[in-house]
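So this block is structure10.tsv, TSV, C-alpha atoms:
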```
chain	number	residue	atom	x	y	z
A	18	MET	CA	4.46	23.03	16.75
A	19	ALA	CA	5.99	26.45	16.16
A	20	GLN	CA	5.06	28.06	12.86
A	21	PRO	CA	8.00	29.41	10.83
A	22	THR	CA	7.98	33.06	9.91
A	23	ALA	CA	9.45	34.82	6.91
A	24	TRP	CA	12.47	35.94	8.92
A	25	ASP	CA	13.09	32.65	10.72
A	26	PRO	CA	16.16	31.03	9.09
A	27	HIS	CA	15.78	27.79	11.09
A	28	PRO	CA	12.13	26.68	11.21
A	29	GLU	CA	11.34	23.66	13.34
A	30	PRO	CA	11.28	20.34	11.48
A	31	LEU	CA	8.04	18.37	11.48
A	32	ALA	CA	7.64	16.42	14.70
A	33	VAL	CA	7.82	12.65	14.22
A	34	ASP	CA	4.69	12.11	16.31
A	35	SER	CA	2.70	14.61	14.23
A	36	ALA	CA	2.44	12.16	11.33
A	37	PRO	CA	-1.14	10.79	11.04
A	38	LEU	CA	-0.80	7.10	11.93
A	39	PRO	CA	-2.62	4.32	10.10
A	40	GLN	CA	-5.46	2.81	12.12
A	41	TYR	CA	-3.68	-0.42	12.96
A	42	GLY	CA	-5.86	-2.77	14.97
A	43	SER	CA	-9.20	-1.14	14.20
A	44	GLY	CA	-9.45	0.18	10.66
A	45	SER	CA	-6.44	-0.68	8.50
A	46	LEU	CA	-6.10	-3.03	5.53
A	47	ALA	CA	-4.42	-5.55	7.84
A	48	ASP	CA	-7.66	-5.80	9.83
A	49	LEU	CA	-9.96	-6.64	6.91
A	50	LEU	CA	-9.45	-10.35	6.21
A	51	PRO	CA	-9.14	-11.34	9.89
A	52	THR	CA	-12.49	-9.63	10.51
A	53	LEU	CA	-14.16	-11.46	7.62
A	54	ALA	CA	-12.58	-14.79	8.55
A	55	ALA	CA	-13.58	-14.43	12.19
A	56	GLY	CA	-17.17	-13.92	11.05
A	57	MET	CA	-16.95	-17.32	9.35
A	58	GLY	CA	-15.56	-19.01	12.44
A	59	VAL	CA	-11.93	-19.38	11.32
A	60	PRO	CA	-9.73	-20.18	14.34
A	61	GLY	CA	-6.90	-17.78	15.08
A	62	THR	CA	-8.65	-14.73	13.61
A	63	THR	CA	-10.26	-11.77	15.36
A	64	ALA	CA	-12.85	-9.28	14.14
A	65	THR	CA	-11.27	-5.86	14.77
A	66	ILE	CA	-13.22	-3.77	12.23
A	67	THR	CA	-16.26	-3.77	14.46
A	68	GLU	CA	-18.53	-2.07	11.92
A	69	LEU	CA	-18.62	-5.10	9.61
A	70	ALA	CA	-21.42	-7.65	9.98
A	71	PRO	CA	-20.52	-11.32	9.41
A	72	ALA	CA	-21.40	-13.08	6.16
A	73	ASP	CA	-21.10	-16.70	5.06
A	74	ARG	CA	-19.56	-15.74	1.72
A	75	ASN	CA	-17.09	-12.87	1.48
A	76	CYS	CA	-15.41	-11.40	-1.60
A	77	VAL	CA	-12.69	-8.74	-1.53
A	78	PHE	CA	-12.11	-6.89	-4.80
A	79	LEU	CA	-8.86	-4.93	-4.50
A	80	ILE	CA	-8.39	-2.21	-7.11
A	81	ASP	CA	-4.76	-1.15	-7.21
A	82	GLY	CA	-4.42	2.61	-6.76
A	83	LEU	CA	-8.09	3.47	-6.05
A	84	GLY	CA	-7.69	6.00	-3.26
A	85	TRP	CA	-10.68	7.24	-1.28
A	86	GLU	CA	-10.02	10.86	-2.18
A	87	GLN	CA	-9.54	10.10	-5.87
A	88	LEU	CA	-12.81	8.16	-6.02
A	89	ARG	CA	-14.72	10.97	-4.33
A	90	ALA	CA	-13.23	13.50	-6.75
A	91	HIS	CA	-14.58	11.69	-9.85
A	92	PRO	CA	-18.24	10.81	-9.24
A	93	GLU	CA	-19.21	11.18	-12.89
A	94	ASP	CA	-16.66	8.55	-13.94
A	95	ALA	CA	-17.63	5.99	-11.27
A	96	PRO	CA	-21.37	6.34	-10.65
A	97	PHE	CA	-21.84	2.82	-9.28
A	98	MET	CA	-19.03	3.05	-6.74
A	99	THR	CA	-19.94	6.63	-5.86
A	100	ALA	CA	-23.43	5.45	-4.95
A	101	LEU	CA	-21.79	2.99	-2.54
A	102	LEU	CA	-19.67	5.55	-0.68
A	103	ASP	CA	-22.12	5.73	2.22
A	104	SER	CA	-21.79	1.94	2.60
A	105	SER	CA	-18.04	2.19	3.21
A	106	ARG	CA	-16.75	0.57	6.40
A	107	GLY	CA	-20.00	-1.01	7.44
A	108	GLY	CA	-22.23	1.94	6.63
A	109	THR	CA	-20.21	4.54	8.51
A	110	GLY	CA	-19.18	6.22	5.26
A	111	ARG	CA	-15.54	6.24	6.40
A	112	PRO	CA	-12.41	4.83	4.71
A	113	LEU	CA	-9.80	2.39	5.88
A	114	THR	CA	-6.13	3.29	6.10
A	115	ALA	CA	-3.54	1.44	4.04
A	116	GLY	CA	-0.65	1.23	6.50
A	117	TYR	CA	2.84	2.66	6.18
A	118	PRO	CA	4.25	2.81	3.63
A	119	ALA	CA	1.19	3.05	1.38
A	120	THR	CA	2.63	0.95	-1.40
A	121	THR	CA	1.53	-2.21	-3.20
A	122	ALA	CA	3.90	-4.87	-1.84
A	123	THR	CA	3.41	-3.69	1.73
A	124	SER	CA	-0.36	-3.39	1.43
A	125	LEU	CA	-0.89	-6.74	-0.29
A	126	ALA	CA	1.13	-8.43	2.43
A	127	SER	CA	-0.96	-6.64	5.07
A	128	VAL	CA	-4.19	-7.72	3.38
A	129	GLY	CA	-3.18	-11.34	2.93
A	130	THR	CA	-1.49	-11.99	6.27
A	131	GLY	CA	-3.69	-9.75	8.42
A	132	LEU	CA	-0.53	-8.29	9.93
A	133	PRO	CA	0.98	-4.79	9.91
A	134	PRO	CA	4.27	-4.18	8.09
A	135	GLY	CA	6.42	-4.44	11.19
A	136	ALA	CA	5.30	-8.05	11.59
A	137	HIS	CA	4.97	-9.39	8.05
A	138	GLY	CA	8.27	-7.78	7.10
A	139	LEU	CA	7.59	-6.12	3.73
A	140	PRO	CA	8.02	-2.54	4.97
A	141	GLY	CA	8.66	-0.75	1.69
A	142	TYR	CA	9.09	-0.85	-2.06
A	143	THR	CA	12.81	-1.54	-1.69
A	144	VAL	CA	14.51	-2.36	1.62
A	145	ARG	CA	17.90	-3.65	2.68
A	146	ASN	CA	18.29	-7.38	3.13
A	147	PRO	CA	20.36	-7.57	6.35
A	148	ASP	CA	21.81	-10.94	5.32
A	149	THR	CA	23.31	-9.66	2.07
A	150	GLY	CA	23.50	-5.89	2.52
A	151	GLU	CA	21.73	-5.43	-0.83
A	152	LEU	CA	18.54	-3.57	-1.61
A	153	MET	CA	15.65	-5.93	-2.26
A	154	ASN	CA	12.71	-4.92	-4.44
A	155	GLN	CA	9.77	-6.55	-2.64
A	156	LEU	CA	7.32	-6.01	-5.49
A	157	ARG	CA	9.49	-7.68	-8.13
A	158	TRP	CA	11.36	-9.87	-5.59
A	159	GLN	CA	14.78	-8.91	-6.92
A	160	PRO	CA	17.31	-10.12	-6.05
A	161	TRP	CA	15.57	-13.38	-5.24
A	162	THR	CA	15.48	-14.57	-1.67
A	163	GLN	CA	13.69	-17.46	0.02
A	164	PRO	CA	10.05	-16.30	0.31
A	165	ARG	CA	9.14	-18.19	3.48
A	166	ALA	CA	12.27	-17.03	5.25
A	167	TRP	CA	11.39	-13.45	4.37
A	168	GLN	CA	7.70	-13.75	5.40
A	169	PRO	CA	7.02	-16.84	7.54
A	170	TYR	CA	3.45	-16.24	8.71
A	171	PRO	CA	0.49	-18.12	7.21
A	172	THR	CA	-1.98	-16.13	5.15
A	173	ILE	CA	-5.62	-15.70	6.16
A	174	PHE	CA	-6.52	-17.66	3.03
A	175	GLN	CA	-4.48	-20.59	4.33
A	176	LEU	CA	-6.10	-20.39	7.76
A	177	ALA	CA	-9.53	-20.28	6.13
A	178	HIS	CA	-8.74	-23.21	3.87
A	179	ASP	CA	-7.50	-25.24	6.84
A	180	ALA	CA	-10.78	-24.45	8.64
A	181	GLY	CA	-12.89	-25.81	5.79
A	182	VAL	CA	-13.73	-22.49	4.15
A	183	HIS	CA	-13.52	-22.42	0.35
A	184	ALA	CA	-10.65	-19.97	-0.29
A	185	ALA	CA	-9.82	-18.70	-3.78
A	186	GLN	CA	-7.81	-15.95	-5.48
A	187	VAL	CA	-8.89	-14.81	-8.95
A	188	SER	CA	-6.28	-12.67	-10.66
A	189	SER	CA	-4.04	-12.38	-13.70
A	190	PRO	CA	-2.22	-15.63	-14.54
A	191	THR	CA	1.00	-13.58	-14.38
A	192	PHE	CA	0.78	-13.50	-10.59
A	193	GLU	CA	0.15	-17.18	-9.91
A	194	ASN	CA	3.69	-18.22	-9.04
A	195	THR	CA	5.31	-14.96	-7.99
A	196	PRO	CA	7.07	-14.87	-4.61
A	197	LEU	CA	4.87	-11.95	-3.53
A	198	THR	CA	1.76	-14.03	-4.17
A	199	LYS	CA	3.26	-16.96	-2.26
A	200	VAL	CA	4.03	-14.92	0.87
A	201	ALA	CA	0.98	-12.64	0.80
A	202	LEU	CA	-1.95	-14.23	-0.97
A	203	SER	CA	-1.48	-18.00	-1.16
A	204	GLY	CA	-3.79	-20.63	0.31
A	205	GLY	CA	-6.73	-22.37	-1.27
A	206	THR	CA	-7.11	-22.18	-5.05
A	207	PHE	CA	-5.52	-19.70	-7.49
A	208	LEU	CA	-7.49	-19.14	-10.69
A	209	GLY	CA	-5.93	-17.03	-13.43
A	210	ARG	CA	-7.98	-15.02	-15.93
A	211	LEU	CA	-6.72	-12.31	-18.25
A	212	SER	CA	-9.76	-10.05	-18.62
A	213	GLY	CA	-11.41	-8.15	-15.82
A	214	GLU	CA	-14.82	-9.35	-16.93
A	215	ASP	CA	-13.75	-13.00	-16.71
A	216	ARG	CA	-12.36	-12.39	-13.23
A	217	MET	CA	-15.65	-10.90	-12.04
A	218	ASP	CA	-17.66	-13.81	-13.42
A	219	LEU	CA	-15.29	-16.38	-11.95
A	220	ALA	CA	-15.15	-14.63	-8.56
A	221	ALA	CA	-18.94	-14.77	-8.36
A	222	GLY	CA	-18.85	-18.44	-9.28
A	223	GLN	CA	-16.27	-19.18	-6.60
A	224	LEU	CA	-18.44	-17.45	-4.00
A	225	ALA	CA	-21.29	-19.78	-4.92
A	226	ALA	CA	-19.09	-22.88	-4.82
A	227	ALA	CA	-19.50	-23.48	-1.08
A	228	ASP	CA	-21.65	-22.47	1.88
A	229	ARG	CA	-18.63	-20.65	3.34
A	230	ALA	CA	-16.29	-18.91	0.93
A	231	LEU	CA	-13.51	-16.33	1.03
A	232	VAL	CA	-12.66	-14.99	-2.45
A	233	TYR	CA	-10.14	-12.35	-3.49
A	234	THR	CA	-9.85	-10.69	-6.88
A	235	TYR	CA	-7.61	-7.92	-8.15
A	236	TYR	CA	-7.27	-5.29	-10.88
A	237	ALA	CA	-3.96	-3.49	-11.54
A	238	GLU	CA	-4.41	-1.25	-14.56
A	239	LEU	CA	-5.84	1.79	-12.75
A	240	ASP	CA	-2.60	2.10	-10.79
A	241	GLY	CA	-0.52	1.85	-13.95
A	242	ALA	CA	-2.50	4.64	-15.59
A	243	GLY	CA	-2.01	6.84	-12.53
A	244	HIS	CA	1.74	6.31	-12.42
A	245	ARG	CA	2.20	7.01	-16.11
A	246	PHE	CA	-0.34	9.76	-16.77
A	247	GLY	CA	-1.57	11.02	-13.39
A	248	VAL	CA	-4.80	10.60	-11.45
A	249	ASP	CA	-6.65	13.36	-13.27
A	250	SER	CA	-5.70	12.26	-16.79
A	251	ASP	CA	-8.12	11.07	-19.43
A	252	THR	CA	-6.41	7.67	-19.38
A	253	TRP	CA	-6.88	7.31	-15.63
A	254	ARG	CA	-10.50	8.41	-15.86
A	255	GLY	CA	-11.08	5.86	-18.60
A	256	GLN	CA	-9.69	3.12	-16.38
A	257	LEU	CA	-11.89	4.32	-13.51
A	258	MET	CA	-14.96	4.07	-15.74
A	259	HIS	CA	-13.97	0.56	-16.72
A	260	VAL	CA	-13.38	-0.62	-13.16
A	261	ASP	CA	-16.69	0.90	-12.07
A	262	ARG	CA	-18.43	-1.35	-14.59
A	263	LEU	CA	-16.47	-4.33	-13.30
A	264	VAL	CA	-17.60	-3.67	-9.74
A	265	GLN	CA	-21.21	-3.46	-10.90
A	266	ARG	CA	-20.84	-6.67	-12.92
A	267	LEU	CA	-19.60	-8.56	-9.87
A	268	ALA	CA	-22.17	-7.01	-7.51
A	269	GLU	CA	-25.04	-8.07	-9.75
A	270	GLN	CA	-23.91	-11.72	-9.65
A	271	LEU	CA	-23.52	-12.21	-5.90
A	272	PRO	CA	-25.01	-15.46	-4.63
A	273	PRO	CA	-27.17	-15.42	-1.47
A	274	ASN	CA	-25.61	-14.63	1.91
A	275	SER	CA	-22.67	-12.81	0.32
A	276	ALA	CA	-20.79	-9.63	1.10
A	277	LEU	CA	-18.63	-7.87	-1.52
A	278	TYR	CA	-16.01	-5.43	-0.29
A	279	VAL	CA	-14.29	-3.10	-2.76
A	280	THR	CA	-11.04	-1.67	-1.47
A	281	ALA	CA	-7.54	-0.62	-2.59
A	282	ASP	CA	-3.91	-0.79	-1.56
A	283	HIS	CA	-3.21	2.95	-1.60
A	284	GLY	CA	-4.21	6.28	-3.09
A	285	MET	CA	-2.02	8.51	-5.24
A	286	VAL	CA	-0.88	12.10	-5.76
A	287	ASP	CA	0.43	13.79	-8.90
A	288	ILE	CA	3.76	15.57	-8.43
A	289	PRO	CA	4.84	18.43	-10.75
A	290	PHE	CA	8.03	18.05	-12.77
A	291	ASP	CA	10.25	20.79	-11.36
A	292	GLU	CA	13.14	21.06	-8.92
A	293	GLN	CA	10.92	22.43	-6.17
A	294	HIS	CA	8.74	19.32	-6.11
A	295	ARG	CA	11.29	16.69	-7.20
A	296	ILE	CA	14.48	16.70	-5.15
A	297	ASP	CA	17.12	14.62	-6.91
A	298	PHE	CA	19.17	12.56	-4.47
A	299	ASP	CA	21.67	11.73	-7.18
A	300	GLU	CA	22.47	15.42	-7.66
A	301	ASP	CA	22.33	16.56	-4.00
A	302	TRP	CA	25.64	16.11	-2.23
A	303	GLU	CA	24.17	16.99	1.16
A	304	LEU	CA	21.57	14.23	1.06
A	305	ARG	CA	24.11	11.72	-0.30
A	306	ALA	CA	26.70	12.37	2.41
A	307	GLY	CA	27.12	9.31	4.62
A	308	VAL	CA	24.46	7.30	2.77
A	309	ALA	CA	25.32	3.75	1.71
A	310	LEU	CA	21.94	2.78	0.21
A	311	LEU	CA	18.77	4.66	-0.71
A	312	GLY	CA	15.68	2.50	-0.38
A	313	GLY	CA	11.92	2.89	-0.40
A	314	GLU	CA	10.39	5.21	-2.98
A	315	GLY	CA	10.03	8.93	-3.62
A	316	ARG	CA	7.49	9.67	-0.89
A	317	ALA	CA	8.57	7.01	1.62
A	318	ARG	CA	12.32	6.63	1.86
A	319	HIS	CA	14.46	4.17	3.79
A	320	VAL	CA	17.98	5.63	4.13
A	321	TYR	CA	20.82	3.31	5.10
A	322	ALA	CA	23.92	5.04	6.45
A	323	VAL	CA	27.52	3.97	6.26
A	324	PRO	CA	28.72	2.62	9.63
A	325	GLY	CA	28.94	5.37	12.23
A	326	ALA	CA	27.15	8.01	10.12
A	327	ALA	CA	23.50	7.42	11.06
A	328	ASN	CA	23.21	10.41	13.41
A	329	ASP	CA	24.86	12.75	10.90
A	330	VAL	CA	22.58	11.56	8.11
A	331	LEU	CA	19.52	12.06	10.33
A	332	THR	CA	20.63	15.58	11.21
A	333	CYS	CA	21.29	16.49	7.58
A	334	TRP	CA	18.03	15.06	6.25
A	335	ARG	CA	16.08	16.91	8.93
A	336	GLU	CA	17.81	20.18	8.13
A	337	VAL	CA	17.29	19.83	4.38
A	338	LEU	CA	13.84	18.21	4.29
A	339	GLY	CA	12.30	18.62	7.72
A	340	GLU	CA	9.70	21.20	6.69
A	341	GLN	CA	8.29	18.93	3.96
A	342	PHE	CA	8.97	15.42	5.27
A	343	TRP	CA	8.51	13.69	8.58
A	344	VAL	CA	12.11	12.53	9.12
A	345	ALA	CA	12.75	9.96	11.83
A	346	SER	CA	15.46	7.63	13.01
A	347	ARG	CA	14.63	3.96	12.81
A	348	ASP	CA	13.90	3.78	16.54
A	349	GLU	CA	11.82	6.97	16.46
A	350	ALA	CA	9.67	5.63	13.62
A	351	ILE	CA	9.18	2.36	15.48
A	352	ALA	CA	8.32	4.10	18.75
A	353	ALA	CA	5.83	6.33	16.93
A	354	GLY	CA	4.09	3.25	15.53
A	355	TRP	CA	4.63	3.99	11.84
A	356	PHE	CA	5.00	0.29	10.96
A	357	GLY	CA	2.52	-1.04	13.51
A	358	PRO	CA	2.43	-1.69	17.26
A	359	HIS	CA	5.53	-3.90	17.25
A	360	ILE	CA	8.47	-4.86	15.04
A	361	ASP	CA	9.61	-8.45	14.61
A	362	GLU	CA	13.31	-8.94	15.28
A	363	ARG	CA	13.93	-10.18	11.74
A	364	VAL	CA	12.38	-6.96	10.35
A	365	TYR	CA	14.26	-4.41	12.46
A	366	ALA	CA	17.36	-4.07	10.28
A	367	ARG	CA	15.28	-3.96	7.09
A	368	LEU	CA	14.11	-0.50	8.12
A	369	GLY	CA	16.25	2.48	7.22
A	370	ASP	CA	18.59	4.10	9.72
A	371	VAL	CA	16.60	7.15	8.67
A	372	VAL	CA	12.98	7.01	7.48
A	373	ALA	CA	11.50	9.96	5.56
A	374	ALA	CA	7.78	10.31	4.80
A	375	ALA	CA	6.49	13.16	2.64
A	376	ARG	CA	3.87	15.55	3.99
A	377	ASP	CA	3.90	18.02	1.09
A	378	ASP	CA	3.58	17.43	-2.67
A	379	VAL	CA	7.24	16.54	-3.05
A	380	LEU	CA	9.43	13.58	-4.00
A	381	ILE	CA	12.97	12.47	-3.35
A	382	ILE	CA	13.79	11.03	-6.75
A	383	ALA	CA	17.01	9.34	-7.85
A	384	SER	CA	17.33	10.10	-11.55
A	385	GLU	CA	20.35	7.85	-12.16
A	386	ARG	CA	19.58	4.93	-9.82
A	387	GLU	CA	15.81	4.89	-10.40
A	388	PRO	CA	15.14	6.41	-13.83
A	389	LYS	CA	11.75	4.76	-14.37
A	390	GLU	CA	10.40	5.52	-10.91
A	391	SER	CA	11.72	9.09	-11.11
A	392	ALA	CA	9.70	9.69	-14.29
A	393	MET	CA	6.32	8.73	-12.81
A	394	VAL	CA	3.56	11.36	-12.68
A	395	GLY	CA	1.46	9.75	-9.95
A	396	ASN	CA	3.17	8.63	-6.74
A	397	HIS	CA	2.30	7.24	-3.32
A	398	GLY	CA	3.81	5.82	-0.16
A	399	SER	CA	3.40	8.33	2.64
A	400	MET	CA	0.84	9.01	5.39
A	401	THR	CA	-1.19	11.82	3.83
A	402	PRO	CA	-4.95	11.23	3.40
A	403	ALA	CA	-4.62	11.13	-0.40
A	404	GLU	CA	-2.30	8.14	-0.09
A	405	GLN	CA	-3.52	6.43	3.07
A	406	PHE	CA	-7.31	6.50	2.76
A	407	VAL	CA	-8.84	3.63	0.79
A	408	PRO	CA	-12.52	2.74	0.41
A	409	LEU	CA	-14.26	-0.28	1.83
A	410	LEU	CA	-17.41	-0.22	-0.30
A	411	GLU	CA	-19.96	-2.90	0.58
A	412	VAL	CA	-22.65	-4.76	-1.33
A	413	ARG	CA	-24.62	-7.53	0.39
A	414	SER	CA	-27.04	-10.11	-0.96
```

Would you write the structure of this file as structure tokens?
Amino acid sequence: MAQPTAWDPHPEPLAVDSAPLPQYGSGSLADLLPTLAAGMGVPGTTATITELAPADRNCVFLIDGLGWEQLRAHPEDAPFMTALLDSSRGGTGRPLTAGYPATTATSLASVGTGLPPGAHGLPGYTVRNPDTGELMNQLRWQPWTQPRAWQPYPTIFQLAHDAGVHAAQVSSPTFENTPLTKVALSGGTFLGRLSGEDRMDLAAGQLAAADRALVYTYYAELDGAGHRFGVDSDTWRGQLMHVDRLVQRLAEQLPPNSALYVTADHGMVDIPFDEQHRIDFDEDWELRAGVALLGGEGRARHVYAVPGAANDVLTCWREVLGEQFWVASRDEAIAAGWFGPHIDERVYARLGDVVAAARDDVLIIASEREPKESAMVGNHGSMTPAEQFVPLLEVRS
């Protein structure tokens, strides 16, 4: 790729195929549960993370927002997890990749279904519902749509349960009946507990409840601290210290023949509050021209053009943002494999006519349409290592 010079008024935009792809099929979040389930003999699952040894009892503890790079940068705040870094990904000391976009709804669906975003169909924070033409928030499930029509595939938990494996999810009671839980994490038994300590104790108990068990537990507050205060704030560090103790508490209670895997849905980057780093779509007439809907989030945008304007919007977004964002048409992003090796027909029109993924420390905010999201310190979504790389720490008994 040509490097721009100080006197070059038209530097080349970032090439679509220069974006670092998630490791779909060998080392992404979507590969984790199928690998564990295959090791327990669950039909219809395949072990694609070849570094992981089978275990009769498997527990996945997903810590929202615990990126690989952020964990490595704070060893003094997470001594127990830091000591496990060499165990990551079956002792290779390497991370997994989240998948694109690196955002909670997409990643949880990838974890639970064992499918990449192009198949499970939750390819962003907000995407257009082709049936209604409205933006749908896939984390909050607003406006409501039929969950099984939106994501029809069975979860790995359901496949495990059907195969006689004890499957359980231990999380906040708030999540028990949400549509996202139903499409991504249902199957077996849901057990709600408010405190992290209670979840760890119950997860360990569920592992011991059967000779073959697949248990999932979750902690959200680290991500909330990062969004509000940033990933180098005292509040975030305090949450990291707390979650480190939770991991140790669970690890020390593992029953025999168990494997505990500590992972995350995405990492996070802090973005400065100035016009250079936060480009406001609502105040930029060039970026707004020809755009009917702005979806996704600040570092991973889906852009939906008015009829007939898709090529013009693509050209404009590349000219304005192409040095800082990978900017692709829908078909270019699909061909490059951003959302996985294939796209289900029902998912195709959910993707933006233009898809923009940040390379640099920059956001496309929308101060009027998305005031809360635009005010966040920590952000995620794109394909940079800080956002994509997540740990897969391992403890075995």

Can you tell me, as a list of chain:residue names, what residues are no more than 10 Å from Glu385 (chain A) when counting only C-alpha atoms, ignoring any on the same chain fewer than 2 positions away? A:Asp297, A:Phe298, A:Asp299, A:Glu300, A:Ile382, A:Ala383, A:Glu387, A:Pro388, A:Lys389, A:Ser391

Go ahead and compute the interatomic distance for CA of Gly107 (chain A) and CA of Asp228 (chain A), in Å to one decimal. 22.2 Å

Interface rows for region 166-274 of chain A against region 139-151 of chain A: nearest pair, Å to one decimal, 10 Å, all atoms listed in the file, as a Markdown table:
```
| residue | atom | partner | partner_atom | distance |
| --- | --- | --- | --- | --- |
| A:Trp167 | CA | A:Leu139 | CA | 8.3 |
| A:Gln168 | CA | A:Leu139 | CA | 7.8 |
| A:Leu197 | CA | A:Leu139 | CA | 9.7 |
| A:Val200 | CA | A:Leu139 | CA | 9.9 |
| A:Ala201 | CA | A:Leu139 | CA | 9.7 |
```

What's the 10 Å shell around Ala32 (chain A), counting only C-alpha atoms, without same-chain residues fewer than 6 positions away, as a list in words? Met18, Gly339, Glu340, Phe342, Trp343, Val344 and Ala345 of chain A

Go through region 243-345 of chain A residue by residue and, counting only C-alpha atoms, keep those with an atom at most 9 Å from region 34-47 of chain A; for each kept residue give the shortest atom pair and its distance in Å to one decimal, ordered by chain and increasing number, as a Markdown table.
```
| residue | atom | partner | partner_atom | distance |
| --- | --- | --- | --- | --- |
| A:Thr280 | CA | A:Leu46 | CA | 8.7 |
| A:Ala281 | CA | A:Leu46 | CA | 8.6 |
| A:Asp282 | CA | A:Leu46 | CA | 7.8 |
| A:Trp343 | CA | A:Ala36 | CA | 6.8 |
```

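Counting all atoms listed in the file, the residue from A:Cys333, A:Ala166, A:Leu53, A:Gly61 that sits nearest to Val364 (chain A) is A:Ala166.
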